[in-house]
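Student: My questions all concern the structure below.
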Amino acid sequence: MTITNAMRLLKQAGIPFDTSEYEVDESDLSGVHAAQMLGVEADCVFKTLVGRGALNSLYVFVIPVAEELDLKKCASAAGEKRIEMIHVKELQGLTGYIRGGCSPIGMKKKYPTFIDEIAVLFDRIYVSAGLRGQQLILNPEDLRAFIGAQFADLTRR
């Protein structure tokens, strides 16, 4: 297992976490596929998405892999009139991460971050460790506190 920047940051902060790996299928980078490969329910595996508000403000949204963002709810949480998703080609330049390996921990800059409120129902959730095929497993409240995020209703349910 490669030690990622996200792992180093958590370790430096003394935040307990575990890791898990799975074999990446380049033809299916979906989070649901990742959950299947990990052998866990998709509800506790979270993906990291980046959106843009007015004046080019960026926001990070962490939601269950099987769910879809509700952009109106995201805009409301961020205090914006509207949010649109960034283009995949912009992701690495803005965050330092690639599609399928975007972690909410250790981005190039600190963006306002929101974690779907369903995360509080779990003792531990999975988020990307910053590389495809590697996941961090940690307490959602520890994650929220460490990255300065807020819990909010973000998905279409």
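Residue names in the structure tokens use chain letters A, B, ... in the order shown, residue numbers from 1 in each chain, and ligand numbers from 1 in the order shown.
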Show which residues sit within 10 Å of A:Ala75, as a list in words. Count only C-alpha atoms, and ignore same-chain residues fewer than 4 positions away.
Tutor: Gly51, Arg52, Gly53, Ala54, Tyr59, Asp70, Leu71, Gly79, Glu80, Lys81, Arg82, Ile83, Glu84 and Leu154 of chain A
Student: Give me, as CSV, each residue of stretch 86-156 of chain A that comes within 8 Å of stretch 14-25 of chain A, together with its shortest interatomic pair and the distance in Å at one decimal, counting only C-alpha atoms, with rows ordered by chain and rising residue number.
Tutor:
residue,atom,partner,partner_atom,distance
A:Ala129,CA,A:Thr19,CA,7.9
A:Arg132,CA,A:Val24,CA,6.6
A:Gly133,CA,A:Tyr22,CA,4.9
A:Gln134,CA,A:Glu21,CA,4.6
A:Gln135,CA,A:Ser20,CA,5.2
A:Leu136,CA,A:Thr19,CA,4.7
A:Ile137,CA,A:Asp18,CA,5.0
A:Leu138,CA,A:Phe17,CA,4.8
A:Asn139,CA,A:Phe17,CA,7.7
A:Asp142,CA,A:Ile15,CA,7.0
Student: Run DSSP on the backbone and give me the residues of chain A it puts in helix (DSSP H, G or I), as a PyMOL selection string.
Tutor: chain A and resi 5-13+31-38+42-44+54-56+71-78+88-95+117-121+140-147
Student: May I have the selected residues written with N, CA and C atoms, as a short mmCIF file (atom, residue, chain, number, x, y, z; two decimals), in the first residue's frame?
Tutor:
data_model
loop_
_atom_site.label_atom_id
_atom_site.label_comp_id
_atom_site.auth_asym_id
_atom_site.auth_seq_id
_atom_site.Cartn_x
_atom_site.Cartn_y
_atom_site.Cartn_z
N ASN A 5 -0.69 11.31 0.95
CA ASN A 5 -0.65 12.56 1.71
C ASN A 5 -1.80 12.61 2.72
N ALA A 6 -2.97 12.15 2.33
CA ALA A 6 -4.12 12.14 3.24
C ALA A 6 -3.82 11.29 4.47
N MET A 7 -3.18 10.15 4.28
CA MET A 7 -2.80 9.28 5.41
C MET A 7 -1.79 9.98 6.31
N ARG A 8 -0.80 10.62 5.70
CA ARG A 8 0.22 11.33 6.49
C ARG A 8 -0.41 12.44 7.33
N LEU A 9 -1.33 13.18 6.73
CA LEU A 9 -1.97 14.28 7.46
C LEU A 9 -2.79 13.77 8.64
N LEU A 10 -3.53 12.69 8.44
CA LEU A 10 -4.31 12.11 9.54
C LEU A 10 -3.40 11.60 10.65
N LYS A 11 -2.33 10.94 10.25
CA LYS A 11 -1.39 10.40 11.24
C LYS A 11 -0.76 11.53 12.05
N GLN A 12 -0.33 12.60 11.37
CA GLN A 12 0.26 13.76 12.05
C GLN A 12 -0.70 14.38 13.06
N ALA A 13 -1.98 14.37 12.71
CA ALA A 13 -3.00 14.96 13.59
C ALA A 13 -3.45 13.99 14.68
N GLY A 31 -18.06 4.57 -7.57
CA GLY A 31 -17.95 4.27 -6.15
C GLY A 31 -18.72 3.02 -5.75
N VAL A 32 -19.81 2.73 -6.45
CA VAL A 32 -20.58 1.52 -6.16
C VAL A 32 -19.72 0.30 -6.47
N HIS A 33 -18.99 0.35 -7.58
CA HIS A 33 -18.08 -0.74 -7.91
C HIS A 33 -16.98 -0.87 -6.84
N ALA A 34 -16.46 0.27 -6.38
CA ALA A 34 -15.45 0.25 -5.32
C ALA A 34 -16.00 -0.42 -4.06
N ALA A 35 -17.23 -0.08 -3.70
CA ALA A 35 -17.84 -0.68 -2.50
C ALA A 35 -17.97 -2.19 -2.68
N GLN A 36 -18.38 -2.62 -3.87
CA GLN A 36 -18.48 -4.06 -4.14
C GLN A 36 -17.12 -4.73 -4.01
N MET A 37 -16.09 -4.10 -4.55
CA MET A 37 -14.74 -4.66 -4.49
C MET A 37 -14.23 -4.71 -3.04
N LEU A 38 -14.66 -3.75 -2.23
CA LEU A 38 -14.27 -3.71 -0.82
C LEU A 38 -15.09 -4.69 0.02
N ALA A 42 -22.67 0.02 0.01
CA ALA A 42 -22.39 1.30 -0.64
C ALA A 42 -22.77 2.49 0.24
N ASP A 43 -23.70 2.30 1.18
CA ASP A 43 -24.15 3.41 2.03
C ASP A 43 -23.04 4.03 2.87
N CYS A 44 -22.03 3.24 3.22
CA CYS A 44 -20.97 3.77 4.09
C CYS A 44 -19.71 4.16 3.32
N ALA A 54 -21.01 31.09 -7.40
CA ALA A 54 -20.81 32.41 -7.98
C ALA A 54 -19.37 32.87 -7.73
N LEU A 55 -18.90 33.72 -8.57
CA LEU A 55 -17.55 34.29 -8.44
C LEU A 55 -16.46 33.22 -8.38
N ASN A 56 -16.75 32.08 -9.01
CA ASN A 56 -15.76 31.00 -9.13
C ASN A 56 -15.42 30.34 -7.79
N LEU A 71 -28.14 19.63 -6.44
CA LEU A 71 -27.42 20.90 -6.54
C LEU A 71 -28.13 22.05 -5.84
N LYS A 72 -29.45 21.99 -5.75
CA LYS A 72 -30.18 23.04 -5.02
C LYS A 72 -29.87 22.95 -3.52
N LYS A 73 -29.84 21.74 -2.99
CA LYS A 73 -29.50 21.55 -1.58
C LYS A 73 -28.05 21.98 -1.32
N CYS A 74 -27.17 21.67 -2.27
CA CYS A 74 -25.76 22.06 -2.13
C CYS A 74 -25.62 23.58 -2.12
N ALA A 75 -26.34 24.23 -3.01
CA ALA A 75 -26.29 25.70 -3.06
C ALA A 75 -26.80 26.30 -1.76
N SER A 76 -27.88 25.74 -1.24
CA SER A 76 -28.43 26.22 0.02
C SER A 76 -27.42 26.04 1.16
N ALA A 77 -26.79 24.88 1.22
CA ALA A 77 -25.81 24.61 2.28
C ALA A 77 -24.63 25.58 2.18
N ALA A 78 -24.22 25.90 0.94
CA ALA A 78 -23.07 26.78 0.73
C ALA A 78 -23.42 28.25 0.76
N VAL A 88 -14.39 17.43 -15.15
CA VAL A 88 -13.42 16.44 -14.70
C VAL A 88 -11.99 16.87 -15.03
N LYS A 89 -11.80 17.52 -16.19
CA LYS A 89 -10.46 17.94 -16.59
C LYS A 89 -9.88 19.01 -15.67
N GLU A 90 -10.72 19.68 -14.89
CA GLU A 90 -10.25 20.70 -13.94
C GLU A 90 -9.85 20.11 -12.59
N LEU A 91 -10.31 18.90 -12.31
CA LEU A 91 -10.19 18.32 -10.97
C LEU A 91 -8.75 18.28 -10.46
N GLN A 92 -7.84 17.73 -11.23
CA GLN A 92 -6.47 17.59 -10.74
C GLN A 92 -5.80 18.94 -10.50
N GLY A 93 -6.01 19.88 -11.40
CA GLY A 93 -5.41 21.20 -11.23
C GLY A 93 -5.90 21.93 -10.00
N LEU A 94 -7.17 21.73 -9.66
CA LEU A 94 -7.77 22.43 -8.51
C LEU A 94 -7.53 21.71 -7.17
N THR A 95 -7.52 20.37 -7.23
CA THR A 95 -7.46 19.61 -5.97
C THR A 95 -6.16 18.84 -5.76
N GLU A 117 -25.31 14.48 5.61
CA GLU A 117 -25.68 14.23 7.00
C GLU A 117 -25.90 12.76 7.32
N ILE A 118 -26.13 11.93 6.33
CA ILE A 118 -26.33 10.50 6.58
C ILE A 118 -25.07 9.86 7.19
N ALA A 119 -23.92 10.50 7.00
CA ALA A 119 -22.66 9.97 7.52
C ALA A 119 -22.71 9.77 9.04
N VAL A 120 -23.49 10.59 9.73
CA VAL A 120 -23.54 10.49 11.20
C VAL A 120 -24.20 9.19 11.67
N LEU A 121 -24.85 8.49 10.77
CA LEU A 121 -25.48 7.22 11.14
C LEU A 121 -24.47 6.08 11.25
N PRO A 140 -16.86 9.58 10.99
CA PRO A 140 -17.29 10.76 10.24
C PRO A 140 -17.13 12.07 11.01
N GLU A 141 -17.31 12.03 12.32
CA GLU A 141 -17.12 13.26 13.11
C GLU A 141 -15.64 13.65 13.15
N ASP A 142 -14.75 12.67 13.22
CA ASP A 142 -13.31 12.97 13.16
C ASP A 142 -12.97 13.61 11.82
N LEU A 143 -13.54 13.07 10.74
CA LEU A 143 -13.30 13.63 9.41
C LEU A 143 -13.82 15.06 9.35
N ARG A 144 -15.06 15.27 9.80
CA ARG A 144 -15.67 16.60 9.76
C ARG A 144 -14.82 17.62 10.50
N ALA A 145 -14.41 17.26 11.70
CA ALA A 145 -13.62 18.18 12.52
C ALA A 145 -12.25 18.47 11.89
N PHE A 146 -11.62 17.43 11.36
CA PHE A 146 -10.28 17.59 10.80
C PHE A 146 -10.26 18.50 9.58
N ILE A 147 -11.25 18.35 8.70
CA ILE A 147 -11.24 19.16 7.47
C ILE A 147 -12.10 20.42 7.59
#
Student: Just the strand (DSSP E) stuff from stretch 17-118 of chain A, please, per backbone DSSP, written as a PyMOL selection string.
Tutor: chain A and resi 18-21+46-52+58-64+84-85+113-116
Student: Rank nothing, just name the residue among A:Arg99, A:Lys108, A:Arg157, A:His87 nearest to A:Ala66, using only C-alpha atoms.
Tutor: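 Result for the nearest residue to A:Ala66: A:Arg157.
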